[in-house]
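Next up, entry11.pdb (PDB, C-alpha atoms, pLDDT in the B column):
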```pdb
ATOM      1  CA  MET A 269     -22.517 -24.786 -43.867  1.00 90.00           C
ATOM      2  CA  LYS A 270     -25.745 -26.670 -44.545  1.00 93.00           C
ATOM      3  CA  GLU A 271     -28.833 -24.896 -45.803  1.00 95.00           C
ATOM      4  CA  PHE A 272     -32.322 -26.276 -46.159  1.00 97.00           C
ATOM      5  CA  THR A 273     -34.372 -25.681 -49.282  1.00 96.00           C
ATOM      6  CA  VAL A 274     -37.991 -26.236 -48.299  1.00 96.00           C
ATOM      7  CA  THR A 275     -41.004 -26.516 -50.604  1.00 95.00           C
ATOM      8  CA  ILE A 276     -43.958 -24.744 -49.003  1.00 92.00           C
ATOM      9  CA  GLU A 277     -47.499 -24.301 -50.297  1.00 89.00           C
ATOM     10  CA  ASP A 278     -47.998 -20.934 -51.984  1.00 90.00           C
ATOM     11  CA  LYS A 279     -50.889 -19.806 -49.813  1.00 90.00           C
ATOM     12  CA  PRO A 280     -51.353 -17.260 -47.024  1.00 91.00           C
ATOM     13  CA  GLY A 281     -49.879 -18.377 -43.703  1.00 92.00           C
ATOM     14  CA  ALA A 282     -47.938 -21.394 -44.976  1.00 91.00           C
ATOM     15  CA  LEU A 283     -44.496 -19.809 -44.540  1.00 92.00           C
ATOM     16  CA  GLY A 284     -45.443 -18.531 -41.089  1.00 94.00           C
ATOM     17  CA  LYS A 285     -46.659 -21.989 -40.034  1.00 94.00           C
ATOM     18  CA  CYS A 286     -43.328 -23.518 -41.028  1.00 95.00           C
ATOM     19  CA  PHE A 287     -41.289 -20.828 -39.283  1.00 96.00           C
ATOM     20  CA  LEU A 288     -43.392 -20.990 -36.099  1.00 97.00           C
ATOM     21  CA  ALA A 289     -43.001 -24.783 -35.959  1.00 97.00           C
ATOM     22  CA  LEU A 290     -39.223 -24.310 -36.096  1.00 97.00           C
ATOM     23  CA  ALA A 291     -39.418 -21.681 -33.339  1.00 97.00           C
ATOM     24  CA  GLU A 292     -41.498 -23.987 -31.112  1.00 97.00           C
ATOM     25  CA  ARG A 293     -38.658 -26.509 -31.328  1.00 96.00           C
ATOM     26  CA  GLY A 294     -36.167 -23.742 -30.447  1.00 97.00           C
ATOM     27  CA  VAL A 295     -34.618 -23.614 -33.920  1.00 97.00           C
ATOM     28  CA  ASN A 296     -33.385 -20.116 -34.762  1.00 95.00           C
ATOM     29  CA  ILE A 297     -33.437 -19.017 -38.412  1.00 96.00           C
ATOM     30  CA  LEU A 298     -30.180 -17.165 -39.039  1.00 96.00           C
ATOM     31  CA  ALA A 299     -30.874 -16.211 -42.657  1.00 96.00           C
ATOM     32  CA  PHE A 300     -33.530 -16.989 -45.230  1.00 95.00           C
ATOM     33  CA  GLN A 301     -34.745 -16.317 -48.722  1.00 95.00           C
ATOM     34  CA  SER A 302     -38.148 -17.218 -50.100  1.00 94.00           C
ATOM     35  CA  PHE A 303     -39.657 -16.945 -53.540  1.00 92.00           C
ATOM     36  CA  VAL A 304     -42.447 -18.443 -55.633  1.00 91.00           C
ATOM     37  CA  GLU A 305     -41.551 -20.707 -58.524  1.00 86.00           C
ATOM     38  CA  GLU A 306     -44.035 -22.685 -60.600  1.00 85.00           C
ATOM     39  CA  GLY A 307     -46.879 -22.307 -58.099  1.00 84.00           C
ATOM     40  CA  GLU A 308     -44.840 -23.336 -55.057  1.00 89.00           C
ATOM     41  CA  SER A 309     -43.051 -21.263 -52.477  1.00 91.00           C
ATOM     42  CA  LEU A 310     -39.415 -22.223 -51.977  1.00 94.00           C
ATOM     43  CA  ALA A 311     -37.528 -21.117 -48.893  1.00 96.00           C
ATOM     44  CA  ARG A 312     -33.804 -21.399 -48.289  1.00 96.00           C
ATOM     45  CA  LEU A 313     -32.852 -21.386 -44.609  1.00 96.00           C
ATOM     46  CA  LEU A 314     -29.714 -21.276 -42.509  1.00 96.00           C
ATOM     47  CA  VAL A 315     -30.493 -22.431 -38.976  1.00 96.00           C
ATOM     48  CA  ASP A 316     -28.597 -22.809 -35.722  1.00 95.00           C
ATOM     49  CA  ASP A 317     -29.836 -26.385 -35.192  1.00 96.00           C
ATOM     50  CA  PRO A 318     -29.895 -28.448 -38.401  1.00 96.00           C
ATOM     51  CA  ALA A 319     -30.908 -31.675 -36.621  1.00 96.00           C
ATOM     52  CA  GLY A 320     -33.834 -29.910 -34.955  1.00 97.00           C
ATOM     53  CA  ALA A 321     -34.872 -28.372 -38.273  1.00 97.00           C
ATOM     54  CA  MET A 322     -34.801 -31.795 -39.953  1.00 96.00           C
ATOM     55  CA  ALA A 323     -37.010 -33.222 -37.218  1.00 97.00           C
ATOM     56  CA  VAL A 324     -39.521 -30.370 -37.528  1.00 97.00           C
ATOM     57  CA  LEU A 325     -39.639 -30.396 -41.324  1.00 96.00           C
ATOM     58  CA  GLY A 326     -39.936 -34.177 -41.406  1.00 96.00           C
ATOM     59  CA  GLY A 327     -42.685 -34.059 -38.775  1.00 95.00           C
ATOM     60  CA  LEU A 328     -44.596 -31.575 -40.914  1.00 93.00           C
ATOM     61  CA  ARG A 329     -44.119 -33.921 -43.905  1.00 94.00           C
ATOM     62  CA  MET A 330     -42.517 -31.096 -45.850  1.00 94.00           C
ATOM     63  CA  ILE A 331     -40.411 -31.661 -48.926  1.00 95.00           C
ATOM     64  CA  PHE A 332     -36.897 -30.365 -48.288  1.00 96.00           C
ATOM     65  CA  GLU A 333     -33.279 -30.944 -49.146  1.00 96.00           C
ATOM     66  CA  GLU A 334     -29.990 -30.073 -47.501  1.00 95.00           C
ATOM     67  CA  THR A 335     -27.193 -28.540 -49.536  1.00 94.00           C
ATOM     68  CA  GLU A 336     -23.847 -26.964 -48.747  1.00 95.00           C
ATOM     69  CA  VAL A 337     -23.398 -23.209 -49.097  1.00 96.00           C
ATOM     70  CA  ALA A 338     -20.409 -20.971 -48.519  1.00 96.00           C
ATOM     71  CA  VAL A 339     -21.077 -18.611 -45.615  1.00 95.00           C
ATOM     72  CA  VAL A 340     -19.129 -15.539 -44.612  1.00 94.00           C
ATOM     73  CA  ARG A 341     -19.561 -13.166 -41.685  1.00 92.00           C
ATOM     74  CA  LEU A 342     -18.989  -9.603 -42.854  1.00 92.00           C
ATOM     75  CA  THR A 343     -18.762  -6.312 -41.049  1.00 89.00           C
ATOM     76  CA  HIS A 344     -21.661  -4.060 -41.932  1.00 86.00           C
ATOM     77  CA  LYS A 345     -19.918  -1.376 -43.966  1.00 88.00           C
ATOM     78  CA  PRO A 346     -19.796  -0.278 -47.612  1.00 92.00           C
ATOM     79  CA  GLY A 347     -17.899  -2.548 -49.983  1.00 93.00           C
ATOM     80  CA  GLN A 348     -17.755  -5.745 -47.922  1.00 93.00           C
ATOM     81  CA  LEU A 349     -20.388  -7.606 -49.925  1.00 93.00           C
ATOM     82  CA  GLY A 350     -18.813  -6.385 -53.160  1.00 95.00           C
ATOM     83  CA  ARG A 351     -15.375  -7.616 -52.021  1.00 94.00           C
ATOM     84  CA  ALA A 352     -16.781 -11.055 -51.199  1.00 95.00           C
ATOM     85  CA  ALA A 353     -18.610 -11.413 -54.527  1.00 96.00           C
ATOM     86  CA  PHE A 354     -15.611 -10.076 -56.472  1.00 96.00           C
ATOM     87  CA  LEU A 355     -13.255 -12.483 -54.667  1.00 96.00           C
ATOM     88  CA  LEU A 356     -15.366 -15.439 -55.754  1.00 97.00           C
ATOM     89  CA  GLY A 357     -15.565 -14.242 -59.364  1.00 96.00           C
ATOM     90  CA  GLU A 358     -11.858 -13.499 -59.480  1.00 96.00           C
ATOM     91  CA  ASN A 359     -11.278 -17.131 -58.505  1.00 97.00           C
ATOM     92  CA  LYS A 360     -13.648 -18.443 -61.214  1.00 97.00           C
ATOM     93  CA  ILE A 361     -16.409 -19.382 -58.755  1.00 97.00           C
ATOM     94  CA  ASN A 362     -19.888 -18.742 -60.123  1.00 96.00           C
ATOM     95  CA  ILE A 363     -22.559 -17.460 -57.715  1.00 97.00           C
ATOM     96  CA  ASP A 364     -25.915 -19.123 -58.390  1.00 95.00           C
ATOM     97  CA  TYR A 365     -27.735 -17.247 -55.598  1.00 95.00           C
ATOM     98  CA  SER A 366     -27.077 -15.441 -52.345  1.00 95.00           C
ATOM     99  CA  TYR A 367     -28.974 -14.155 -49.324  1.00 95.00           C
ATOM    100  CA  CYS A 368     -28.160 -12.755 -45.919  1.00 93.00           C
ATOM    101  CA  GLY A 369     -29.180 -12.533 -42.280  1.00 93.00           C
ATOM    102  CA  LEU A 370     -27.496 -11.523 -39.032  1.00 88.00           C
ATOM    103  CA  GLU A 371     -24.970 -13.397 -36.975  1.00 84.00           C
ATOM    104  CA  PRO A 372     -26.537 -14.013 -33.538  1.00 85.00           C
ATOM    105  CA  GLY A 373     -25.301 -11.648 -30.837  1.00 86.00           C
ATOM    106  CA  SER A 374     -23.379  -9.529 -33.330  1.00 86.00           C
ATOM    107  CA  THR A 375     -23.777  -6.725 -35.837  1.00 84.00           C
ATOM    108  CA  ARG A 376     -22.085  -8.811 -38.541  1.00 85.00           C
ATOM    109  CA  ALA A 377     -23.994  -9.790 -41.648  1.00 87.00           C
ATOM    110  CA  LEU A 378     -24.209 -13.504 -42.310  1.00 87.00           C
ATOM    111  CA  VAL A 379     -24.087 -13.987 -46.091  1.00 92.00           C
ATOM    112  CA  ALA A 380     -24.779 -17.320 -47.810  1.00 94.00           C
ATOM    113  CA  PHE A 381     -23.572 -17.962 -51.353  1.00 94.00           C
ATOM    114  CA  GLY A 382     -24.865 -20.887 -53.404  1.00 94.00           C
ATOM    115  CA  VAL A 383     -21.861 -21.523 -55.638  1.00 95.00           C
ATOM    116  CA  ASP A 384     -20.449 -24.102 -58.013  1.00 93.00           C
ATOM    117  CA  ASN A 385     -17.426 -24.847 -55.745  1.00 94.00           C
ATOM    118  CA  THR A 386     -18.454 -24.618 -52.095  1.00 93.00           C
ATOM    119  CA  THR A 387     -15.195 -25.876 -50.591  1.00 93.00           C
ATOM    120  CA  LYS A 388     -13.008 -23.393 -52.470  1.00 95.00           C
ATOM    121  CA  ALA A 389     -15.472 -20.539 -51.898  1.00 94.00           C
ATOM    122  CA  ALA A 390     -15.674 -21.204 -48.156  1.00 92.00           C
ATOM    123  CA  SER A 391     -11.881 -21.201 -47.875  1.00 92.00           C
ATOM    124  CA  LEU A 392     -11.543 -17.933 -49.786  1.00 93.00           C
ATOM    125  CA  LEU A 393     -14.324 -16.244 -47.838  1.00 92.00           C
ATOM    126  CA  ASP A 394     -12.917 -17.420 -44.488  1.00 88.00           C
ATOM    127  CA  GLY A 395      -9.601 -15.832 -45.454  1.00 86.00           C
ATOM    128  CA  MET A 396     -11.292 -12.585 -46.395  1.00 84.00           C
ATOM    129  CA  ALA A 397     -13.319 -12.479 -43.164  1.00 71.00           C
ATOM    130  CA  SER A 398     -10.212 -13.006 -41.027  1.00 69.00           C
ATOM    131  CA  GLU A 399      -8.492 -10.069 -42.769  1.00 66.00           C
ATOM    132  CA  VAL A 400     -11.184  -7.656 -41.604  1.00 56.00           C
ATOM    133  CA  ALA A 401     -11.892  -9.194 -38.184  1.00 51.00           C
TER     134      ALA A 401
END
```
Structure rendered as structure tokens:
Amino acid sequence: MKEFTVTIEDKPGALGKCFLALAERGVNILAFQSFVEEGESLARLLVDDPAGAMAVLGGLRMIFEETEVAVVRLTHKPGQLGRAAFLLGENKINIDYSYCGLEPGSTRALVAFGVDNTTKAASLLDGMASEVA
């Protein structure tokens, strides 16, 4: 799945302005992570409409990039996140970062893993998710 990494000014209201612009276009943020690094705020986003998000971010003249992440939908119960992370490690896939949100219309957690082998990770995680579905 594609994620957007967006560079946002590190000042009050900047993140909200970006998110509201996406909402005005009807783009739903499924999961996100934001943090400050070297005086800039960086936000990673999973959205339901990547083309719409690109149009909004481009229209705002924001600096952003698209990257692939491995995404898994997990039931919300103890051990599921641990199983997913352990499965990746057991298969020699390094997790660089992760974050979560909620799958729309469901109680399942939507977990994104930035990893060094997205294709293999996605396949493994899809298999794990189907076991518990």
### Task
Using the chain letters and numbering of this document, enumerate as a ChimeraX atom specification the residues selected by the PyMOL selection byres ((chain A and resi 277) around 6).
/A:276,278-279,308-309
### Task
Go through A:Ser302, A:Thr375, A:Thr386, A:Thr273 one by one, measure the shortest atom-to-atom distance of each to A:Glu336 using all atoms listed in the file, and give the residue with the smallest value.
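Checking each of A:Ser302, A:Thr375, A:Thr386, A:Thr273 against A:Glu336, counting all atoms listed in the file, the winner is A:Thr386.
Put simply, the PyMOL selection byres ((chain A and resi 296) around 12) in this file takes in Phe287, Leu288, Ala289, Leu290, Ala291, Glu292, Arg293, Gly294, Val295, Ile297, Leu298, Ala299, Phe300, Leu313, Leu314, Val315, Asp316, Asp317, Pro318, Ala319, Gly320, Ala321, Gly369, Leu370, Glu371 and Pro372 of chain A.
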### Message
What's the separation between atom CA of A:Leu393 and atom CA of A:Gln348, in Å to one decimal place?
### Response
11.0 Å
### Query
Can you list what the PyMOL selection byres ((chain A and resi 363) around 6) grabs from this structure, as number ranges by chain?
A: 362, 364-365, 382-383
### Message
Ranking A:Leu310, A:Ala380, A:Ala389, A:Ala323 by minimum distance to A:Phe354 and counting only C-alpha atoms, which one comes first?
### Response
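When distances to A:Phe354 are compared using only C-alpha atoms, the smallest one comes from A:Ala389.
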Could I get stretch 337-351 of chain A rebuilt with N, CA, C and O atoms, written as a PDB file, in the frame of the given file?
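Ended up saving to selection-v5.pdb:
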```pdb
ATOM      1  N   VAL A 337     -23.600 -24.566 -48.597  1.00 96.00           N
ATOM      2  CA  VAL A 337     -23.398 -23.209 -49.097  1.00 96.00           C
ATOM      3  C   VAL A 337     -22.156 -22.644 -48.436  1.00 96.00           C
ATOM      4  O   VAL A 337     -21.747 -23.092 -47.362  1.00 96.00           O
ATOM      5  N   ALA A 338     -21.554 -21.683 -49.094  1.00 96.00           N
ATOM      6  CA  ALA A 338     -20.409 -20.971 -48.519  1.00 96.00           C
ATOM      7  C   ALA A 338     -20.971 -19.790 -47.733  1.00 96.00           C
ATOM      8  O   ALA A 338     -21.756 -19.008 -48.258  1.00 96.00           O
ATOM      9  N   VAL A 339     -20.563 -19.667 -46.483  1.00 95.00           N
ATOM     10  CA  VAL A 339     -21.077 -18.611 -45.615  1.00 95.00           C
ATOM     11  C   VAL A 339     -19.922 -17.756 -45.125  1.00 95.00           C
ATOM     12  O   VAL A 339     -18.859 -18.268 -44.768  1.00 95.00           O
ATOM     13  N   VAL A 340     -20.141 -16.459 -45.121  1.00 94.00           N
ATOM     14  CA  VAL A 340     -19.129 -15.539 -44.612  1.00 94.00           C
ATOM     15  C   VAL A 340     -19.805 -14.554 -43.662  1.00 94.00           C
ATOM     16  O   VAL A 340     -20.962 -14.185 -43.852  1.00 94.00           O
ATOM     17  N   ARG A 341     -19.096 -14.177 -42.633  1.00 92.00           N
ATOM     18  CA  ARG A 341     -19.561 -13.166 -41.685  1.00 92.00           C
ATOM     19  C   ARG A 341     -18.824 -11.869 -42.005  1.00 92.00           C
ATOM     20  O   ARG A 341     -17.606 -11.822 -41.912  1.00 92.00           O
ATOM     21  N   LEU A 342     -19.580 -10.862 -42.398  1.00 92.00           N
ATOM     22  CA  LEU A 342     -18.989  -9.603 -42.854  1.00 92.00           C
ATOM     23  C   LEU A 342     -19.357  -8.449 -41.940  1.00 92.00           C
ATOM     24  O   LEU A 342     -20.476  -8.401 -41.430  1.00 92.00           O
ATOM     25  N   THR A 343     -18.424  -7.533 -41.765  1.00 89.00           N
ATOM     26  CA  THR A 343     -18.762  -6.312 -41.049  1.00 89.00           C
ATOM     27  C   THR A 343     -19.747  -5.529 -41.901  1.00 89.00           C
ATOM     28  O   THR A 343     -19.724  -5.604 -43.131  1.00 89.00           O
ATOM     29  N   HIS A 344     -20.606  -4.793 -41.237  1.00 86.00           N
ATOM     30  CA  HIS A 344     -21.661  -4.060 -41.932  1.00 86.00           C
ATOM     31  C   HIS A 344     -21.141  -2.683 -42.329  1.00 86.00           C
ATOM     32  O   HIS A 344     -21.357  -1.690 -41.630  1.00 86.00           O
ATOM     33  N   LYS A 345     -20.422  -2.648 -43.458  1.00 88.00           N
ATOM     34  CA  LYS A 345     -19.918  -1.376 -43.966  1.00 88.00           C
ATOM     35  C   LYS A 345     -19.806  -1.452 -45.489  1.00 88.00           C
ATOM     36  O   LYS A 345     -19.739  -2.545 -46.048  1.00 88.00           O
ATOM     37  N   PRO A 346     -19.818  -0.299 -46.148  1.00 92.00           N
ATOM     38  CA  PRO A 346     -19.796  -0.278 -47.612  1.00 92.00           C
ATOM     39  C   PRO A 346     -18.621  -1.070 -48.206  1.00 92.00           C
ATOM     40  O   PRO A 346     -17.492  -0.976 -47.720  1.00 92.00           O
ATOM     41  N   GLY A 347     -18.923  -1.846 -49.221  1.00 93.00           N
ATOM     42  CA  GLY A 347     -17.899  -2.548 -49.983  1.00 93.00           C
ATOM     43  C   GLY A 347     -17.645  -3.981 -49.574  1.00 93.00           C
ATOM     44  O   GLY A 347     -17.051  -4.737 -50.349  1.00 93.00           O
ATOM     45  N   GLN A 348     -18.070  -4.392 -48.376  1.00 93.00           N
ATOM     46  CA  GLN A 348     -17.755  -5.745 -47.922  1.00 93.00           C
ATOM     47  C   GLN A 348     -18.429  -6.817 -48.780  1.00 93.00           C
ATOM     48  O   GLN A 348     -17.796  -7.791 -49.167  1.00 93.00           O
ATOM     49  N   LEU A 349     -19.687  -6.642 -49.082  1.00 93.00           N
ATOM     50  CA  LEU A 349     -20.388  -7.606 -49.925  1.00 93.00           C
ATOM     51  C   LEU A 349     -19.780  -7.630 -51.324  1.00 93.00           C
ATOM     52  O   LEU A 349     -19.576  -8.695 -51.906  1.00 93.00           O
ATOM     53  N   GLY A 350     -19.460  -6.473 -51.849  1.00 95.00           N
ATOM     54  CA  GLY A 350     -18.813  -6.385 -53.160  1.00 95.00           C
ATOM     55  C   GLY A 350     -17.476  -7.099 -53.177  1.00 95.00           C
ATOM     56  O   GLY A 350     -17.154  -7.805 -54.140  1.00 95.00           O
ATOM     57  N   ARG A 351     -16.680  -6.934 -52.108  1.00 94.00           N
ATOM     58  CA  ARG A 351     -15.375  -7.616 -52.021  1.00 94.00           C
ATOM     59  C   ARG A 351     -15.555  -9.131 -52.029  1.00 94.00           C
ATOM     60  O   ARG A 351     -14.803  -9.855 -52.690  1.00 94.00           O
TER      61      ARG A 351
END
```
